[in-house]
Every structure is written in structure tokens, then in C-alpha cells.
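Colleague: This is the structure, below, for whatever I ask next.
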Amino acid sequence: MSIERIKYTGLWNRTLEPQGDVYEERRDELRASFINFRDKAAHLVSKIAGELPGLTQHDISHLDALWEVADLICGGDYPLNPLEAYVFGGAILLHDSALCFEAYDNGIDGIRETTTWKDSFASLPKSIECEEAKKIADFSALRSLHASQAEKLTEKNWMDPTTQQPVYLIENSTLRKHLGKLIGQIAASHHWSIEDVENKLPQQVNVLAGFPREWRIDPIKIACMVRCADAAHIDSERAPDFLHALIKRRGISFTHWQAQNKLASVDIDQSDRSCSTLIFTSTQKFLEQESEAWWVAYDTVCMIEKEIRSSNALLESKQIKTQQFQIKRVKGIESPELMGNYIQTDGWNPCMAEVHVGNIESLVNSLGGEKLYGEGCDKFEVIIRELIQNSRDSIHARREIEAGFIGKISIQLKHDSEGSYLYIEDDGVGMSKRVLTGPLLDFGTSFWTSSLVQSEFPGLRSSKFKAVGQFGIGFYSVFMGADKVMVSSKPWNGGASDVWQLNFNNGLSLRPLLKNEMPNDFKASVSTQIKLHLKPNLLEDGGLVEIKRNIAKSENLRVSIQNYISAICAALDVPVCLKLNDLEYLEIHSDIRKQENHADWLKKISFAENQSPEIAALIESNSHRLRPIIENNQWHGLAAISMISNDEQNFLSINTVGSLSSGVHCRSGSDYLGYINYLPQSAKRDGQKYSASNEAITSWAKEQVEILIEQGINPIEKCFLAYSLYSFDADPIDVANLLIVKDENIKVVSFEQLAVMSIKEDIIFVKSDYMDHIDTHNHINSLPGKVMIKPLRNSNFLSLKLIDGQPVSNNTILGCLYRSIQKLGYTPQIRIEKAIGHSFFGQCDGLIVTSKK
């Protein structure tokens, strides 16, 4: 662990080497302390390779090499005094030292107790094995925490097992006390933005007592030296050949090793007479199969150029002027083709042939508009649902952060001489400037699934919080119905000066206006306000909304805007208030879990007051059966099994995704009354799978059957019950009845009775000749000498699909009959009889079931 490598650099020689002047004693003190500091840090960083083998080398050779790279970048006569050299060297020693468990209290257990580790672990796919997931989370947490932990390392001590005395990285207590915190802060700053370097570090730190005044410290200068040197140290020394071959790597780790393994040490471009240009070259050419590694190298070199330029710009702009670095640029970064002359390839040519979107506004309009939600969709429904969903997610996030918080969503519709406006406000977590200008504008990226959520709200990802928004597209739906959009937001615990506006003044634009200004109508209690200027004719005048039915000869409904929005919010657990023009705010929706009268709720979401009186009566007679579907203390529904005798669109049921309606139009109550929640299957918010488990749904269905039997259920109602039970994968065989036609007489029978009939008679299902399903559009009233199954309504309960002569589903009519015959000790026999009649779709066949011993 020789220090000779550092001693060859001009930075060391001009500062900490003996100079033969009156300050020699102070130099000796600094030099001795640094060498001791370096020896201890070397032991610490030696642990990194064993614990994070996927990383390129972060051992003492890397730390020593940064002196060489900094020397190259700064130039031969760069002003640096001994105290600054000591702080610079100490910051280098610390900047990566926390990439191992030994740098933390309680080691690996301490890391796994951190919020950062828990967030990282929670963000991993459930398909990854637990132990593997823990190791991945270890890696991620150490990478995330190492910069901030570096700031604390000069204060941390380790206990000497022999002497039981505390051991510090900086043994000299005076230097540790007066410079340790600054060294740690500069070490941590290598992961900060350049703006944070300027704003968080002091402009000047005066010398310790007894040191010459001209050795004053410039922290920003030193921080820029550390970040540029660290960025520019990419070469084969950090990815040596033997380790490259020895250690099994995969994914990103492998491409980074591969990239650096082929690079020579950075140097000054000798063709530049000003000696202000760095050049990176390869020692071997990158083959076609190594193209990803080449691009890693190119992107890294571009990043180095950016660091050097931004550091020089900061040094030039400082109040206390500091000399810029000698190096001003990196050669070849202007294009991949140009860089290919220096970091060379073999068998392929790097170029800017990358996937791009020529007209991104058109793409967003298409994928975030009617092409996604469907031509002729209810645009206002989509817009208001997506914005309420965003507010819901924000409020739920704040509930995890702030115990006891409830939250509220406020909606206002306002009409004036300039047109109609829609406001949606919430008091959730709000958005910082970087969220407002980052994930919100990143089409297809949801903030809740981005890495930014972990730094904005530590602990949220590993909490119980589950966002409904997953696709990062919903916000763009607003442009289907708005020609002006203003988004104003601040973090929930911020003040007026933290409010930022993002204004789209001409519809969807790639260049919205950003202002650090609070709108005049922005309330102190609000975190986020969305203000839309609506396009003409989006809403009817008079505050009524048309609710559609798509059944022939049926009439559409015209309902109040209050009930319309209330139906969209059907199962939301957040209060919603509505204000129309200059009227007062009115609560139109409250948390359903806290409501006592579920009949009133069901009447509201089914628009009962706009339908025939029979609907209200039906609700009154069945609402007592509404039961929540609860799993893991979460509501996944509030519903009652339906026994309605027709398939009219009576709006008595509503499917929700994230507790918001997936559609308020064209709804029936044929399977259930109330709401059931589904998982989002696409950005369209269509749900096809219950959010509750099959066990929870089945348990709810069994409870419904018990309630019906206890209160009394007639034979005809059991016929309709069978169809509903099938919809929830519940077995109807023991409780359901069927309608049959025998000798032109309609009868009600159980599956057991039908199985007994099959011993002596043919049981016939009328099916079309082109699909395996009972036909519901034929005019066959009876078939002589046969028992005909009479369907009540169309449903998958009527499926006649077979595999190897047996029903695919046990719970269809055919499947239940098949099992009932087997229970009697008989073998079901199935055959097809062709052309037994006609239906609307053409010829009908007969599927006949009989029993044999």
C-alpha cells in the first residue's frame, strides 16, 4: 500500500512534501495524519470488492489514482495549499469508503434496517428469490447511501478488540474535530448536483489556529476537483483482466467492466497546443457483441465532459474568484462517429441511429387520447377520473407519511365569458419542481414507479402505499377536452415560495411555461391544483350529463353532474366536494367504509332517481345483503349477488379500478349489485381480474348464498342465482335450479333431478353449429321426446366446450350435470345431433347428454 504513486503528482509535491520553509512542522503534521488516514481507509475499501463484486475496482489503487487524474485536469500550476491538499486527499479517501457494510453501525443488519434498503427491497419483482432479492437490495442501498454515509465517517469509530479503545479514520483529534466534517461533506458532494455544490458548501473556510492564514480553504474548488477526477478515472486499472475473467458478472455490471477493461489511462490531447483537452483511447477494439459496452464508454465520456464544463463554469462564477481547471473539454464527444476514432470498434460503426419520435405531440395525442380510450368515449369521464385518481394516489401517499391524515379532493366547475373551467385540487403530498418537470412530463413514466419516489419520499415504497397510477399516461388525457392546462403544486409541507406552475397555454406542447409563482386562487391548504379551460361542447349546458345505454330501443338517462361524478368516485375512500360556479362546496362523495346507509349510496351510483320506481324498490329490498369483500384489511368490493330476471342496463353494478369506476355507462346488475374492484390491465384502466384473491371472492359468494337461504329463496330465484354464482367461480351445483322444457311444459329442476332424468331420457342443449355455446336466439320451444335446457340469459354459464369428451369447466350447466351424473354412479355420454332447427345465426345442432351404468 505504498504512497509513492501519490508522491509523484504535482499536487502532492507542491503542497504536502517538505518545502524547506518555516511551515515545515505544519506540513509534517498534515502529511503524517494523511498517511495514517490513508492506511485505515485502505483496509475499509478493501472490503468493497468482497461485498459488491459487481462493481469496478474501488480499492486504494482507485483512490490514489484520483490524485493523478486531478493533477492532469487541474494543470501544473493550479493553486492548492497544504490544508486544501489535506482536505482534498481526505475527501478522496472517504468518497467511496461507505460502499461496504463495515462503514455502518451493525453492518449488514444495520443496512437492512434502513428505509433505503426497505424501499429497494420492496421495489423488486416478487418473482425474485428472497435471498437474491436481499443481495440486490444490499447493492442498491449501499450505492444510494454511500455518499451520505461518507459525510459521517470521520466521526464514526471502531473498537480495537485488543485495547478496547475507539479507533478513528483521522487519528489526529484536532484535525478530526476542525476539518472532519468538512472533509466528509466534500466527499458526499460527489453525488450532488453541481447546483447543490454551489448552494450547500461554504465559499471559504478559514485556517485552524496555528496555521498560516494564506492556507485558507476553498471547499467548492476542492469539491469540483474530486467530482471531475472521480468521473474521469475510467480505464483498465479499474477493471483488470484477471478479475474480469475471474468474477462472474451479469447485466449492467458486466457492460461497465467490459467498457473500462478496454480503455487506456486518460491523457492530454497532444494535438491541442493549449493542453486543455482530455482524450480517451482504447487499448483494444470493441467487437460487435461488445457494442453495449462501447456505448457505456461513450456515455461516460460525455458525462465527464459535462462535469468538467459545469465545474469550470461554477469556479468562474464564484463570488471569490477561483482559477478554472486547465482542462476545458474532452475530445470526440461531439458524435459517436467521431469518438469511434479514439475508442475504436471492429466490424461495426457507432452512429446516432437511435430510436426517436419525429412528432411526439402526435404520439402523445394518439396514445394518451381517443386512440387509447376508444373513439366516442366519454371524454369528460376519462379526464375527471384520471385527475381524481392522481389526487387519490397523492392523498394515500400522505396518509402513509402523516399519521391520522384524511385528505380531501375538491372539484369546481365554473362558467364565465371566457368559457368553462374545471378545477381539481387536493391536499396530498404535492409535487416538487423536479417531479413537476420530470415524471409528470415523461410520457409513459409514472412517478410512483420511478426511482425519484425513493428520494422524494423515503419509506413510501416499502410502506403499505399502493398507487393506482402505473402507466404515466393518464395526465395526458386532459388534452382530449382542454385547450389550456395549468398545473400548480408544492410539497405538502412547503410554503408559498415552493409553488411552481406548469402552463400549457395552447393545448399539448413540448415547451410548457414554468413559473415559480402561486396562482391567485391557490389556497393555503392545497398541495396541487389542476385548472383546465375546457373545449366547447364537452359538457351540456344546464349541469346535466347523458348516461348511455347501448341496448336497442332503450332510452339514455340525463343525470345531474353531482351524481355523475359521485358514480365515477363509487368506492373511493377519500371525501370529494363539488362547487358549481359561485355556489358553496357540497360533499358529493364520502368514504363508503364509513357510510351506514348503503341503499342511498347504491341509489346514487345507479342513478335510481332517473330510472323507473322499480329500481329504487329493488335496491330497498336487496341492499341489506350488501357485504364488503375484505382481504388484508382492504376493501375490494361492497356487493350482493344478483337474482335479477333480465339483462337490462339498470346501472346497479359498477366495476372499479383503484376504487374509481372503469365506466359509468352501459352497466347492468345481472351478476351483482354494488361494486367490485379489479386490477388495472392496461393504461386504459380496464379491469379483467379481481383485486381480491379467488379465495376472498368465493368466501363472499358463499356468505351471499347463506344469507339468501336464511331469508328464503324460491325455486325460480335459484335459477337466476346459478348464473351469478358462475360469474364468481362459485360452484352452483348444490343450490341452483334450472329451467327445462319437457313435452312443451316448462319445469324447474335441480341438477340432481336432471341427472336422474338423463338415465332414461335425452337431455338436449341447443347449440349453434359454429360455437360451443347454448344458443339463446333460436325459436325452438320444445323437442319431442327430449328434455331441453332453457337458458335465461346469455352467459359463459352456457358454455359447451369439451376436452376429450368432458366439459372444460365444472361449473357450467353442462359441467354441473356431468358431475351430478357421476355422483349417481353413472357415466355421462355426450353426442351431437345435427340440424335440429334454426336461430338468428343460422343452423342449430343439439348436444345430447345421457347416462349409462
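To be explicit about the labels: the chains of the C-alpha cells are called A, B, and onward in the order shown, and within each one the residues are counted from 1, while ligands get numbers from 1 in the order they are shown.
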Excluding Thr528 in chain A and its own-chain neighbours fewer than 5 positions away, which residues fall within 6 Å of it when counting only C-alpha atoms? Please give them as a CSV table (one decimal) with N, CA and C atoms, in the first residue's frame.
Modeller:
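And here is the file that came out, selection-v1.csv:
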chain,number,residue,atom,x,y,z
A,425,GLU,N,-58.5,20.0,-7.1
A,425,GLU,CA,-57.5,20.3,-6.1
A,425,GLU,C,-57.4,19.2,-5.0
A,426,ASP,N,-56.3,19.0,-4.5
A,426,ASP,CA,-56.1,18.0,-3.4
A,426,ASP,C,-55.1,18.5,-2.4
A,430,GLY,N,-48.4,16.5,-2.9
A,430,GLY,CA,-47.9,17.5,-3.8
A,430,GLY,C,-46.7,17.1,-4.6
A,488,SER,N,-50.4,23.6,-10.9
A,488,SER,CA,-49.7,24.3,-9.8
A,488,SER,C,-49.5,23.4,-8.6
A,489,SER,N,-48.3,23.3,-8.1
A,489,SER,CA,-48.1,22.3,-7.0
A,489,SER,C,-47.0,22.8,-6.1
Colleague: Given only C-alpha atoms as the basis, pick out the residue of A:Gly407, A:Ala570, A:Ser642, A:Val468 nearest to Ile654 in chain A.
Modeller: A:Ala570
Colleague: Pull the closest atom pair for each residue of range 390-437 of chain A that gets at most 9 Å from range 584-591 of chain A, along with the distance in Å to one decimal, counting only C-alpha atoms, ordering rows by chain and then ascending residue number, as CSV.
Modeller:
residue,atom,partner,partner_atom,distance
A:Ser410,CA,A:Tyr585,CA,8.1
A:Ile411,CA,A:Tyr585,CA,8.5
A:Gln412,CA,A:Tyr585,CA,8.2
Colleague: Could the residues in this selection be saved with N, CA and C atoms as a tab-separated table (two decimals), in the first residue's frame?
Modeller:
chain	number	residue	atom	x	y	z
A	410	SER	N	-61.22	18.44	-3.99
A	410	SER	CA	-62.20	19.49	-4.29
A	410	SER	C	-62.27	19.72	-5.79
A	411	ILE	N	-63.50	19.74	-6.32
A	411	ILE	CA	-63.74	19.92	-7.75
A	411	ILE	C	-64.61	21.15	-7.94
A	412	GLN	N	-64.26	21.97	-8.91
A	412	GLN	CA	-65.09	23.13	-9.21
A	412	GLN	C	-65.32	23.23	-10.71
Colleague: Measuring atom to atom with only C-alpha atoms, identify which of A:Ile6, A:Leu792, A:Met303, A:Leu422 is nearest to Asn737 in chain A.
Modeller: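 Of all the options, A:Leu792 lies closest to Asn737 in chain A.
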Colleague: Using only C-alpha atoms, which residues sit within 10 Å of Lys177 in chain A once same-chain residues fewer than 5 positions away are excluded, as an MDAnalysis selection string?
Modeller: chainID A and resid 154:155 170 172 182
Colleague: Those residues you just picked out, can you put them in a file as an mmCIF file, in the first residue's frame with N, CA, C and O atoms?
Modeller:
data_model
loop_
_atom_site.group_PDB
_atom_site.id
_atom_site.type_symbol
_atom_site.label_atom_id
_atom_site.label_comp_id
_atom_site.auth_asym_id
_atom_site.auth_seq_id
_atom_site.Cartn_x
_atom_site.Cartn_y
_atom_site.Cartn_z
ATOM 1 N N THR A 154 -15.884 10.377 9.383
ATOM 2 C CA THR A 154 -14.802 10.916 10.218
ATOM 3 C C THR A 154 -15.202 10.951 11.692
ATOM 4 O O THR A 154 -14.346 11.002 12.584
ATOM 5 N N GLU A 155 -16.518 10.907 11.975
ATOM 6 C CA GLU A 155 -16.991 10.904 13.357
ATOM 7 C C GLU A 155 -17.200 9.486 13.884
ATOM 8 O O GLU A 155 -17.323 9.281 15.095
ATOM 9 N N ILE A 170 -9.410 9.486 11.147
ATOM 10 C CA ILE A 170 -8.458 10.586 11.368
ATOM 11 C C ILE A 170 -8.019 10.522 12.832
ATOM 12 O O ILE A 170 -8.780 10.851 13.742
ATOM 13 N N ASN A 172 -5.568 12.180 14.342
ATOM 14 C CA ASN A 172 -5.241 13.487 14.914
ATOM 15 C C ASN A 172 -6.562 14.149 15.348
ATOM 16 O O ASN A 172 -7.374 14.564 14.534
ATOM 17 N N LEU A 182 -16.019 18.905 7.348
ATOM 18 C CA LEU A 182 -15.852 19.489 6.016
ATOM 19 C C LEU A 182 -15.377 18.435 5.021
ATOM 20 O O LEU A 182 -15.880 18.358 3.886
#
Colleague: Residues near range 334-348 of chain A, anyone? I mean within 6 Å using only C-alpha atoms, not counting same-chain ones fewer than 4 positions away, as a ChimeraX atom specification.
Modeller: /A:281-282,285-288
Colleague: Calculate how many Å separate CA of Ser670 in chain A from CA of Asp743 in chain A, rounding to one decimal.
Modeller: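 Distance reported for this atom pair: 29.8 Å.
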Colleague: Measuring atom to atom with only C-alpha atoms, identify which of A:Glu833, A:Pro613, A:Leu538, A:Arg625 is nearest to Ala599 in chain A.
Modeller: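 Using only C-alpha atoms, the shortest distance to Ala599 in chain A belongs to A:Arg625.
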